[in-house]
Every structure is written in structure tokens, then in C-alpha cells.
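Structure data (compact mmCIF, C-alpha atoms) from coords12.txt:
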```txt
# COMPACT_ATOMS: atom_id res chain seq x y z
CA MET A 895 0.00 0.00 0.00
CA PRO A 896 1.43 3.41 -0.94
CA VAL A 897 2.18 5.86 1.82
CA ALA A 898 -0.38 8.27 0.34
CA ASN A 899 -2.66 7.60 -2.62
CA PHE A 900 -4.05 10.81 -4.08
CA ARG A 901 -5.44 9.19 -7.23
CA LEU A 902 -9.19 9.32 -7.86
CA ASP A 903 -9.47 6.73 -10.63
CA GLY A 904 -12.95 5.23 -10.88
CA LYS A 905 -14.51 7.82 -8.57
CA VAL A 906 -17.50 9.97 -9.55
CA ALA A 907 -17.34 13.47 -8.09
CA ILE A 908 -19.86 16.31 -8.02
CA VAL A 909 -18.47 19.84 -7.67
CA THR A 910 -20.84 22.78 -7.28
CA GLY A 911 -20.03 26.36 -8.18
CA ALA A 912 -17.54 24.95 -10.67
CA SER A 913 -17.89 27.31 -13.62
CA ARG A 914 -15.05 29.45 -12.27
CA GLY A 915 -12.78 30.12 -9.31
CA ILE A 916 -12.18 27.56 -6.58
CA GLY A 917 -14.82 25.15 -7.88
CA GLU A 918 -13.35 25.10 -11.37
CA SER A 919 -9.85 24.56 -9.99
CA ILE A 920 -11.05 21.65 -7.83
CA ALA A 921 -12.83 20.09 -10.80
CA ARG A 922 -9.67 20.32 -12.90
CA GLY A 923 -7.61 18.80 -10.12
CA PHE A 924 -10.05 15.91 -9.68
CA ALA A 925 -10.02 15.20 -13.41
CA GLU A 926 -6.22 15.24 -13.46
CA GLN A 927 -6.28 12.59 -10.73
CA GLY A 928 -8.60 10.35 -12.76
CA ALA A 929 -12.09 11.13 -11.46
CA THR A 930 -15.20 11.53 -13.56
CA VAL A 931 -16.32 15.02 -12.61
CA ILE A 932 -19.83 16.45 -12.76
CA ILE A 933 -19.63 20.22 -12.50
CA CYS A 934 -22.60 22.33 -11.48
CA ALA A 935 -23.51 26.00 -11.58
CA ARG A 936 -26.49 28.03 -12.72
CA LYS A 937 -25.40 28.74 -16.31
CA GLN A 938 -25.07 25.81 -18.69
CA ASP A 939 -22.95 27.66 -21.25
CA ALA A 940 -20.28 28.47 -18.65
CA LEU A 941 -20.24 24.84 -17.51
CA ASP A 942 -19.95 23.59 -21.08
CA SER A 943 -16.88 25.77 -21.62
CA VAL A 944 -15.12 24.41 -18.52
CA ALA A 945 -16.14 20.81 -19.28
CA LYS A 946 -14.81 21.08 -22.84
CA SER A 947 -11.49 22.42 -21.59
CA ILE A 948 -11.15 19.57 -19.09
CA ASN A 949 -12.14 16.92 -21.65
CA ASP A 950 -9.80 18.37 -24.27
CA ALA A 951 -6.99 17.99 -21.75
CA GLY A 952 -7.77 14.28 -21.36
CA GLY A 953 -10.11 14.43 -18.39
CA LYS A 954 -13.69 13.24 -17.96
CA CYS A 955 -16.16 15.98 -17.19
CA VAL A 956 -19.79 16.90 -17.81
CA GLY A 957 -21.67 20.02 -16.80
CA ILE A 958 -25.20 19.98 -15.42
CA ALA A 959 -26.89 23.30 -14.66
CA CYS A 960 -28.27 23.35 -11.12
CA HIS A 961 -29.36 26.11 -8.77
CA THR A 962 -28.26 24.74 -5.41
CA GLY A 963 -30.76 26.91 -3.60
CA ASP A 964 -33.58 24.98 -5.30
CA ALA A 965 -34.55 21.65 -3.71
CA ASN A 966 -36.16 20.34 -6.91
CA ALA A 967 -33.10 21.20 -8.98
CA ILE A 968 -30.86 19.37 -6.51
CA ALA A 969 -33.06 16.26 -6.61
CA ALA A 970 -32.98 16.33 -10.41
CA LEU A 971 -29.20 16.67 -10.41
CA PHE A 972 -28.66 13.57 -8.29
CA ALA A 973 -31.22 11.60 -10.27
CA GLN A 974 -29.35 12.43 -13.47
CA VAL A 975 -25.96 11.56 -12.01
CA MET A 976 -27.23 8.21 -10.73
CA LYS A 977 -28.87 7.44 -14.07
CA ASP A 978 -25.69 8.23 -16.00
CA HIS A 979 -23.00 7.02 -13.58
CA GLY A 980 -24.68 4.86 -10.94
CA ARG A 981 -22.75 6.22 -7.98
CA VAL A 982 -21.45 9.33 -6.19
CA ASP A 983 -18.09 8.98 -4.44
CA VAL A 984 -17.27 12.61 -3.74
CA LEU A 985 -19.35 15.73 -3.19
CA VAL A 986 -17.79 19.19 -3.06
CA ASN A 987 -20.19 21.86 -1.87
CA ASN A 988 -18.61 25.04 -3.15
CA ALA A 989 -21.44 27.13 -4.62
CA ALA A 990 -22.17 30.09 -2.37
CA THR A 991 -23.61 33.56 -2.45
CA ASN A 992 -23.01 36.83 -0.64
CA PRO A 993 -25.53 39.33 -2.01
CA TYR A 994 -24.90 41.91 0.68
CA PHE A 995 -21.67 43.59 1.75
CA GLY A 996 -22.18 46.12 4.52
CA PRO A 997 -23.24 46.66 8.12
CA ALA A 998 -25.30 43.83 9.59
CA ILE A 999 -27.87 46.28 10.97
CA ASP A 1000 -28.74 47.39 7.44
CA ILE A 1001 -29.25 44.05 5.66
CA ASP A 1002 -32.75 43.44 4.29
CA MET A 1003 -34.47 40.11 4.85
CA GLY A 1004 -34.43 39.27 1.15
CA ALA A 1005 -30.63 39.23 1.11
CA PHE A 1006 -30.56 37.48 4.48
CA ASP A 1007 -32.86 34.68 3.30
CA LYS A 1008 -31.03 34.23 -0.01
CA THR A 1009 -27.68 33.86 1.77
CA PHE A 1010 -29.03 31.15 4.06
CA GLU A 1011 -30.95 29.45 1.24
CA VAL A 1012 -27.85 28.85 -0.87
CA ASN A 1013 -25.08 28.66 1.74
CA VAL A 1014 -26.85 26.57 4.37
CA LYS A 1015 -30.03 24.96 3.04
CA GLY A 1016 -28.42 24.21 -0.33
CA TYR A 1017 -25.35 22.67 1.29
CA PHE A 1018 -27.52 20.61 3.60
CA LEU A 1019 -29.72 19.25 0.83
CA MET A 1020 -26.69 18.38 -1.30
CA CYS A 1021 -25.11 16.59 1.67
CA GLN A 1022 -28.36 14.77 2.39
CA HIS A 1023 -28.76 13.45 -1.16
CA ALA A 1024 -25.09 12.49 -1.44
CA ALA A 1025 -25.00 10.85 1.98
CA ARG A 1026 -27.95 8.57 1.20
CA ILE A 1027 -26.19 7.34 -1.92
CA MET A 1028 -22.81 7.00 -0.20
CA VAL A 1029 -24.24 5.06 2.73
CA ALA A 1030 -25.96 2.64 0.35
CA GLN A 1031 -22.80 2.08 -1.71
CA GLY A 1032 -20.52 1.68 1.30
CA GLY A 1033 -18.64 4.95 1.57
CA GLY A 1034 -17.77 8.34 0.17
CA SER A 1035 -16.34 11.75 0.90
CA ILE A 1036 -18.25 15.00 1.48
CA ILE A 1037 -16.21 18.19 1.27
CA ASN A 1038 -17.78 21.50 2.26
CA VAL A 1039 -16.01 24.70 1.25
CA ALA A 1040 -16.61 27.11 4.11
CA SER A 1041 -14.44 30.17 4.84
CA ILE A 1042 -12.19 31.60 7.52
CA ALA A 1043 -15.18 33.89 8.07
CA ALA A 1044 -16.69 30.87 9.82
CA LEU A 1045 -13.94 31.10 12.44
CA SER A 1046 -13.64 34.87 12.65
CA PRO A 1047 -16.45 36.96 11.08
CA GLY A 1048 -15.30 39.23 8.31
CA PRO A 1049 -16.00 42.98 8.38
CA MET A 1050 -19.24 43.86 6.58
CA GLN A 1051 -19.96 40.12 6.25
CA VAL A 1052 -21.75 39.14 9.45
CA VAL A 1053 -24.57 37.19 7.80
CA TYR A 1054 -22.26 35.48 5.30
CA SER A 1055 -19.99 34.55 8.20
CA MET A 1056 -22.96 33.12 10.09
CA THR A 1057 -23.77 30.82 7.18
CA LYS A 1058 -20.20 29.60 6.93
CA ALA A 1059 -20.11 28.87 10.66
CA ALA A 1060 -23.24 26.80 10.10
CA VAL A 1061 -21.43 24.91 7.32
CA VAL A 1062 -18.63 23.98 9.72
CA SER A 1063 -21.13 22.73 12.30
CA MET A 1064 -22.99 20.81 9.59
CA THR A 1065 -19.75 19.21 8.45
CA LYS A 1066 -18.90 17.98 11.94
CA GLY A 1067 -22.43 16.74 12.51
CA PHE A 1068 -22.47 14.66 9.33
CA ALA A 1069 -19.02 13.28 10.22
CA LYS A 1070 -20.32 11.97 13.54
CA GLU A 1071 -23.50 10.50 12.07
CA LEU A 1072 -21.99 8.93 8.95
CA GLY A 1073 -18.61 7.67 10.15
CA SER A 1074 -19.87 4.16 10.85
CA ALA A 1075 -21.06 3.97 7.23
CA LYS A 1076 -17.56 4.91 5.97
CA VAL A 1077 -18.76 8.29 4.75
CA ARG A 1078 -16.32 11.05 5.63
CA SER A 1079 -17.26 14.73 5.99
CA ASN A 1080 -14.70 17.53 6.10
CA ALA A 1081 -14.55 21.27 5.52
CA ILE A 1082 -12.07 23.60 3.89
CA CYS A 1083 -11.84 27.19 5.12
CA PRO A 1084 -10.09 29.35 2.53
CA GLY A 1085 -8.82 32.79 3.38
CA VAL A 1086 -8.79 35.56 0.79
CA VAL A 1087 -8.49 33.83 -2.59
CA GLU A 1088 -8.42 35.61 -5.94
CA THR A 1089 -11.85 34.86 -7.38
CA LYS A 1090 -14.74 36.92 -8.70
CA PHE A 1091 -16.53 36.14 -5.45
CA ALA A 1092 -13.77 37.82 -3.41
CA ALA A 1093 -13.26 40.71 -5.79
CA VAL A 1094 -14.91 43.22 -3.45
CA LEU A 1095 -12.31 42.38 -0.77
CA ILE A 1096 -9.31 42.37 -3.07
CA ASN A 1097 -10.39 45.54 -4.88
CA THR A 1098 -11.22 47.56 -1.76
CA PRO A 1099 -7.79 48.89 -0.66
CA GLU A 1100 -8.72 49.85 2.89
CA ILE A 1101 -10.05 46.33 3.54
CA TYR A 1102 -7.47 44.42 1.50
CA ASP A 1103 -4.51 46.21 3.03
CA ARG A 1104 -5.70 45.27 6.51
CA PHE A 1105 -6.11 41.65 5.42
CA VAL A 1106 -2.64 41.47 3.90
CA GLN A 1107 -1.03 42.95 7.00
CA SER A 1108 -2.53 40.11 9.04
CA ILE A 1109 -1.36 37.35 6.66
CA PRO A 1110 2.10 35.96 7.50
CA LEU A 1111 2.67 34.93 3.88
CA GLY A 1112 1.94 38.53 2.86
CA ARG A 1113 -0.44 37.79 0.00
CA HIS A 1114 -3.83 36.40 -0.95
CA GLY A 1115 -4.26 32.90 -2.32
CA GLN A 1116 -5.02 31.37 -5.70
CA PRO A 1117 -7.78 28.83 -6.47
CA ASN A 1118 -5.31 26.04 -7.24
CA GLU A 1119 -3.93 26.39 -3.70
CA ILE A 1120 -7.32 25.23 -2.40
CA ALA A 1121 -7.70 22.42 -4.94
CA GLY A 1122 -4.86 20.44 -3.39
CA LEU A 1123 -6.73 20.18 -0.10
CA ALA A 1124 -9.85 18.98 -1.91
CA ILE A 1125 -7.86 16.29 -3.72
CA TYR A 1126 -6.47 15.12 -0.39
CA LEU A 1127 -9.92 14.96 1.21
CA ALA A 1128 -11.46 13.20 -1.79
CA SER A 1129 -8.74 10.58 -2.00
CA ASP A 1130 -7.72 7.57 0.05
CA ALA A 1131 -4.81 9.65 1.38
CA SER A 1132 -7.31 11.07 3.88
CA SER A 1133 -8.97 7.76 4.79
CA PHE A 1134 -8.65 8.50 8.54
CA THR A 1135 -9.70 12.14 8.27
CA THR A 1136 -13.29 13.14 9.04
CA GLY A 1137 -14.92 15.99 10.94
CA SER A 1138 -11.87 18.13 10.23
CA VAL A 1139 -11.68 21.78 9.25
CA LEU A 1140 -8.65 22.50 7.08
CA VAL A 1141 -7.67 26.16 6.91
CA ALA A 1142 -5.79 27.63 3.94
CA ASP A 1143 -5.36 31.31 4.66
CA GLY A 1144 -1.66 32.08 4.44
CA GLY A 1145 -1.42 31.96 8.23
CA MET A 1146 -4.06 34.61 8.92
CA GLU A 1147 -5.72 32.60 11.67
CA ALA A 1148 -2.44 31.37 13.17
```
Write out the structure in this file as C-alpha cells.
Amino acid sequence: MPVANFRLDGKVAIVTGASRGIGESIARGFAEQGATVIICARKQDALDSVAKSINDAGGKCVGIACHTGDANAIAALFAQVMKDHGRVDVLVNNAATNPYFGPAIDIDMGAFDKTFEVNVKGYFLMCQHAARIMVAQGGGSIINVASIAALSPGPMQVVYSMTKAAVVSMTKGFAKELGSAKVRSNAICPGVVETKFAAVLINTPEIYDRFVQSIPLGRHGQPNEIAGLAIYLASDASSFTTGSVLVADGGMEA
């Protein structure tokens, strides 16, 4: 037995929010390690572009449009994956939203509800569907992309931070309930990573400068620096790892 086996040959993986950024990078990494990857996001054309790029590079990838805040869309996604592939070995919950950036006392309930619908309810429903399949097939790996905001709320992001804290709690809860069925559940908490989602942080000097000053590595991260953690958690290299929260923030929370 190898010391660490990071290969994903024969595994079927679902990655949400994979039309760009961290999700896209994770999908590419999974495909490079031999997995069949189903990528999800709201826009089919964006998914098709990513899937074509991965397939042209020798990987196996298909895009299925899915709004992860919609319970019916999630059910349809898993039904399609099971029809086409017959199993789900890895789930990466990465799709998230943050429609409001500002003081918590000023957020309207529409933005509040949308944030919880996608970031908490959507994650939970995806975990629920995947876990049922994984338990029946004898194992699997659930990976929830949270945020360092779950550990220390970000400025002007109180509600978003609340949802990410809920994701960490959800991750640990599923780990405890599903461990006996050989289903592992772990979370990744990225720091500031250069994505469209984090553009408001990176492009707001007074906020970004404060972040950088608190990061020992002195810079923000790149999506591919998160993908390596996802590959580890999806693979047999992490066979004794569940209920864990892996932080990749350049040392910000050290």
C-alpha cells in the first residue's frame, strides 16, 4: 500500500459552483487525478466551456446546470448523475452567495434569506442526497467549502460569516453520524483567494490592506492552492480524516 494515494481513478465526483474560481480549480484537479467530474452552476454555457477544456486535456467531465438553492433542482441533479453514472463517491459543496456587503444592521431580509438558502439549506440538501447514496454504496467523501469567516467573522460580512459557521457545524455533525457507514465529511476554510466572489475584498484597498497585513505569507491565495486540499480529502490519502476543518489562509488565523 502506498504511503499516500491521491489518485481518484474510478470515482465519480460532483463539484458545485464549478464554472469558475475555486470550484473550477477543484474540478480540474479531480479530473487530473482520474475522477469523472460532474460540474454544477447556474449557467449551462459556462459549464460547457469548462467541461470542454477539461475533456480536451484528457479528463472526464460533464456540466449539469443546477441552482443549489432549489430543492427540486438538486433532486434532479442527483437523479441524473445516478442514471448516467450509478454512484457518487465525492461531493464538493462550493457554490455560495453573498448578495450583501455592509453593516449587519442594514441588511434586508431578502438578502438574508437568499444567503441562508444557498449557503446553508443548499449545502444541507446536497449533503443529504449524497450521503444517502454513499451510505448505500458503502462509503464516500463530502467536502464543504466554508471560509475563515466561519472562524472569525469578516467585516461587513456578518450574515455570510454566520452561514459559513453553520457549514462547519454541519460538516462535523455529518461526520459523527456517517462515520460508521464509511462516509467522511470535512470542511475547507479558505482565506482571501483571488476569485470573482472575493473581488470586493481584493479591490477595496482599505479592507485588503488590513487583510494582507494580518497574513504571515503577505499575499492572498489562488484557487489552485485550495484544490490540493480537496484532492487530499477526496482521496484515500485522507482515509482517517473526518470531521476536520482544514484552513488555507496564508497563516491569517495562526
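Protein, DNA and RNA residues at most 10 Å from (-4.1, 39.1, 8.1), with all atoms listed in the file, are these: Gly1085, Val1086, Tyr1102, Asp1103, Arg1104, Phe1105, Val1106, Gln1107, Ser1108, Ile1109, Pro1110, Leu1111, Gly1112, Arg1113, His1114, Asp1143, Gly1144, Gly1145, Met1146, Glu1147 and Ala1148 of chain A.
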How would the residues just chosen look if you wrote them out with C-alpha atoms as an mmCIF file, in the frame of the given file?
```cif
data_model
loop_
_atom_site.group_PDB
_atom_site.id
_atom_site.type_symbol
_atom_site.label_atom_id
_atom_site.label_comp_id
_atom_site.auth_asym_id
_atom_site.auth_seq_id
_atom_site.Cartn_x
_atom_site.Cartn_y
_atom_site.Cartn_z
ATOM 1 C CA GLY A 1085 -8.820 32.790 3.380
ATOM 2 C CA VAL A 1086 -8.790 35.560 0.790
ATOM 3 C CA TYR A 1102 -7.470 44.420 1.500
ATOM 4 C CA ASP A 1103 -4.510 46.210 3.030
ATOM 5 C CA ARG A 1104 -5.700 45.270 6.510
ATOM 6 C CA PHE A 1105 -6.110 41.650 5.420
ATOM 7 C CA VAL A 1106 -2.640 41.470 3.900
ATOM 8 C CA GLN A 1107 -1.030 42.950 7.000
ATOM 9 C CA SER A 1108 -2.530 40.110 9.040
ATOM 10 C CA ILE A 1109 -1.360 37.350 6.660
ATOM 11 C CA PRO A 1110 2.100 35.960 7.500
ATOM 12 C CA LEU A 1111 2.670 34.930 3.880
ATOM 13 C CA GLY A 1112 1.940 38.530 2.860
ATOM 14 C CA ARG A 1113 -0.440 37.790 0.000
ATOM 15 C CA HIS A 1114 -3.830 36.400 -0.950
ATOM 16 C CA ASP A 1143 -5.360 31.310 4.660
ATOM 17 C CA GLY A 1144 -1.660 32.080 4.440
ATOM 18 C CA GLY A 1145 -1.420 31.960 8.230
ATOM 19 C CA MET A 1146 -4.060 34.610 8.920
ATOM 20 C CA GLU A 1147 -5.720 32.600 11.670
ATOM 21 C CA ALA A 1148 -2.440 31.370 13.170
#
```
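The closest residue to A:Gly980, picked from A:Val906, A:Ala1060, A:Leu1045, A:Phe924 and counting only C-alpha atoms, is A:Val906.
Closest to A:Gly1032 among A:Asp983, A:Asp903, A:Asp939, A:Glu1011 is A:Asp983, based on all atoms listed in the file.
Distances here use all atoms listed in the file; by that measure, the residue among A:Asp1002, A:Ser1138, A:Ala921, A:Ser1133 closest to A:Ala898 is A:Ser1133.
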- prompt: Pick the closest to A:Gly928 from A:Asn949, A:Ser1055, A:Asn966, A:Gln1031: which is it, counting all atoms listed in the file?
  reply: A:Asn949
- prompt: Which polymer residues have any atom within 9 Å of an atom of A:Lys1015, counting all atoms listed in the file, with same-chain residues fewer than 4 positions away left out, as a ChimeraX atom specification?
  reply: /A:962-963,965,1010-1011,1019-1020
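Picture a line from atom CA of A:Ile1096 to atom CA of A:Lys1008; it runs 23.4 Å.
Between atom CA of A:Ala1043 and atom CA of A:Met1003 there is a distance of 20.5 Å.
The two atoms in question, atom CA of A:Val1039 and atom CA of A:Pro997, are spaced 24.1 Å apart.
If only C-alpha atoms are the atoms counted, then among A:Asp1130, A:Asp1000, A:Asp942, A:Glu1119 the closest residue to A:Gly923 is A:Glu1119.
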message: Could you list, as JSON, numbers by chain, every residue within 9 Å of A:Val1053, counting all atoms listed in the file and ignoring same-chain residues fewer than 5 positions away?
response: {"A": [992, 994, 998, 1001, 1006, 1009, 1010, 1047, 1058]}
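In this comparison, which uses only C-alpha atoms, the residue of A:Ala945, A:Ala1128, A:Val1012, A:Ile1027 approaching A:Ala973 most closely is A:Ile1027.
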message: Which residues are near A:Val956? Cut-off 7 Å, only C-alpha atoms, ignore same chain within fewer than 5 positions. Put them as a PyMOL selection string.
response: chain A and resi 931-933+945
field: Spatial neighbours of A:Lys946, 10 Å, only C-alpha atoms, chain gap at least 6 places, as a ChimeraX atom specification
entry: /A:952-957
Just the selected residues (C-alpha atoms), exported as a PDB file, keeping the file's coordinate frame, please.
```
ATOM      1  CA  GLY A 952      -7.770  14.280 -21.360  1.00  0.00           C
ATOM      2  CA  GLY A 953     -10.110  14.430 -18.390  1.00  0.00           C
ATOM      3  CA  LYS A 954     -13.690  13.240 -17.960  1.00  0.00           C
ATOM      4  CA  CYS A 955     -16.160  15.980 -17.190  1.00  0.00           C
ATOM      5  CA  VAL A 956     -19.790  16.900 -17.810  1.00  0.00           C
ATOM      6  CA  GLY A 957     -21.670  20.020 -16.800  1.00  0.00           C
TER       7      GLY A 957
END
```
message: If we count only C-alpha atoms and set the cut-off at 9 Å, which residues sit around A:Cys960, ignoring sequence neighbours fewer than 5 positions away in its own chain? Please answer as JSON, numbers by chain.
response: {"A": [910, 934, 935, 936, 937, 938, 967, 968, 970, 971]}
Fix up stretch 907-936 of chain A with N, CA and C atoms, then write it as a compact mmCIF listing (two decimals), keeping the file's coordinate frame.
```txt
# COMPACT_ATOMS: atom_id res chain seq x y z
N ALA A 907 -17.33 12.31 -8.99
CA ALA A 907 -17.34 13.47 -8.09
C ALA A 907 -18.27 14.57 -8.61
N ILE A 908 -19.02 15.15 -7.71
CA ILE A 908 -19.86 16.31 -8.02
C ILE A 908 -19.23 17.53 -7.38
N VAL A 909 -19.04 18.59 -8.18
CA VAL A 909 -18.47 19.84 -7.67
C VAL A 909 -19.41 20.97 -8.02
N THR A 910 -19.93 21.66 -7.01
CA THR A 910 -20.84 22.78 -7.28
C THR A 910 -20.07 24.09 -7.36
N GLY A 911 -20.69 25.06 -7.99
CA GLY A 911 -20.03 26.36 -8.18
C GLY A 911 -18.75 26.21 -8.96
N ALA A 912 -18.78 25.35 -9.99
CA ALA A 912 -17.54 24.95 -10.67
C ALA A 912 -17.35 25.59 -12.03
N SER A 913 -18.08 26.65 -12.33
CA SER A 913 -17.89 27.31 -13.62
C SER A 913 -16.73 28.29 -13.59
N ARG A 914 -16.19 28.54 -12.40
CA ARG A 914 -15.05 29.45 -12.27
C ARG A 914 -14.45 29.31 -10.87
N GLY A 915 -13.36 30.00 -10.64
CA GLY A 915 -12.78 30.12 -9.31
C GLY A 915 -12.36 28.82 -8.65
N ILE A 916 -12.60 28.72 -7.37
CA ILE A 916 -12.18 27.56 -6.58
C ILE A 916 -12.83 26.28 -7.09
N GLY A 917 -14.12 26.34 -7.39
CA GLY A 917 -14.82 25.15 -7.88
C GLY A 917 -14.24 24.62 -9.17
N GLU A 918 -13.96 25.52 -10.10
CA GLU A 918 -13.35 25.10 -11.37
C GLU A 918 -11.98 24.48 -11.13
N SER A 919 -11.19 25.08 -10.27
CA SER A 919 -9.85 24.56 -9.99
C SER A 919 -9.92 23.17 -9.36
N ILE A 920 -10.88 22.97 -8.45
CA ILE A 920 -11.05 21.65 -7.83
C ILE A 920 -11.47 20.63 -8.88
N ALA A 921 -12.39 21.01 -9.75
CA ALA A 921 -12.83 20.09 -10.80
C ALA A 921 -11.67 19.68 -11.70
N ARG A 922 -10.84 20.63 -12.06
CA ARG A 922 -9.67 20.32 -12.90
C ARG A 922 -8.71 19.38 -12.17
N GLY A 923 -8.49 19.65 -10.90
CA GLY A 923 -7.61 18.80 -10.12
C GLY A 923 -8.14 17.38 -10.00
N PHE A 924 -9.44 17.23 -9.76
CA PHE A 924 -10.05 15.91 -9.68
C PHE A 924 -9.88 15.16 -10.99
N ALA A 925 -10.14 15.85 -12.10
CA ALA A 925 -10.02 15.20 -13.41
C ALA A 925 -8.58 14.77 -13.68
N GLU A 926 -7.63 15.59 -13.28
CA GLU A 926 -6.22 15.24 -13.46
C GLU A 926 -5.85 13.99 -12.67
N GLN A 927 -6.55 13.77 -11.56
CA GLN A 927 -6.28 12.59 -10.73
C GLN A 927 -7.14 11.39 -11.12
N GLY A 928 -7.90 11.51 -12.21
CA GLY A 928 -8.60 10.35 -12.76
C GLY A 928 -10.07 10.24 -12.48
N ALA A 929 -10.66 11.20 -11.78
CA ALA A 929 -12.09 11.13 -11.46
C ALA A 929 -12.95 11.52 -12.66
N THR A 930 -14.17 11.02 -12.67
CA THR A 930 -15.20 11.53 -13.56
C THR A 930 -15.88 12.65 -12.79
N VAL A 931 -15.87 13.85 -13.35
CA VAL A 931 -16.32 15.02 -12.61
C VAL A 931 -17.60 15.59 -13.22
N ILE A 932 -18.61 15.76 -12.37
CA ILE A 932 -19.83 16.45 -12.76
C ILE A 932 -19.76 17.83 -12.15
N ILE A 933 -19.72 18.84 -13.00
CA ILE A 933 -19.63 20.22 -12.50
C ILE A 933 -21.00 20.88 -12.58
N CYS A 934 -21.29 21.69 -11.58
CA CYS A 934 -22.60 22.33 -11.48
C CYS A 934 -22.45 23.83 -11.24
N ALA A 935 -23.36 24.57 -11.81
CA ALA A 935 -23.51 26.00 -11.58
C ALA A 935 -24.84 26.37 -12.22
N ARG A 936 -25.18 27.63 -12.21
CA ARG A 936 -26.49 28.03 -12.72
C ARG A 936 -26.53 28.15 -14.24
```
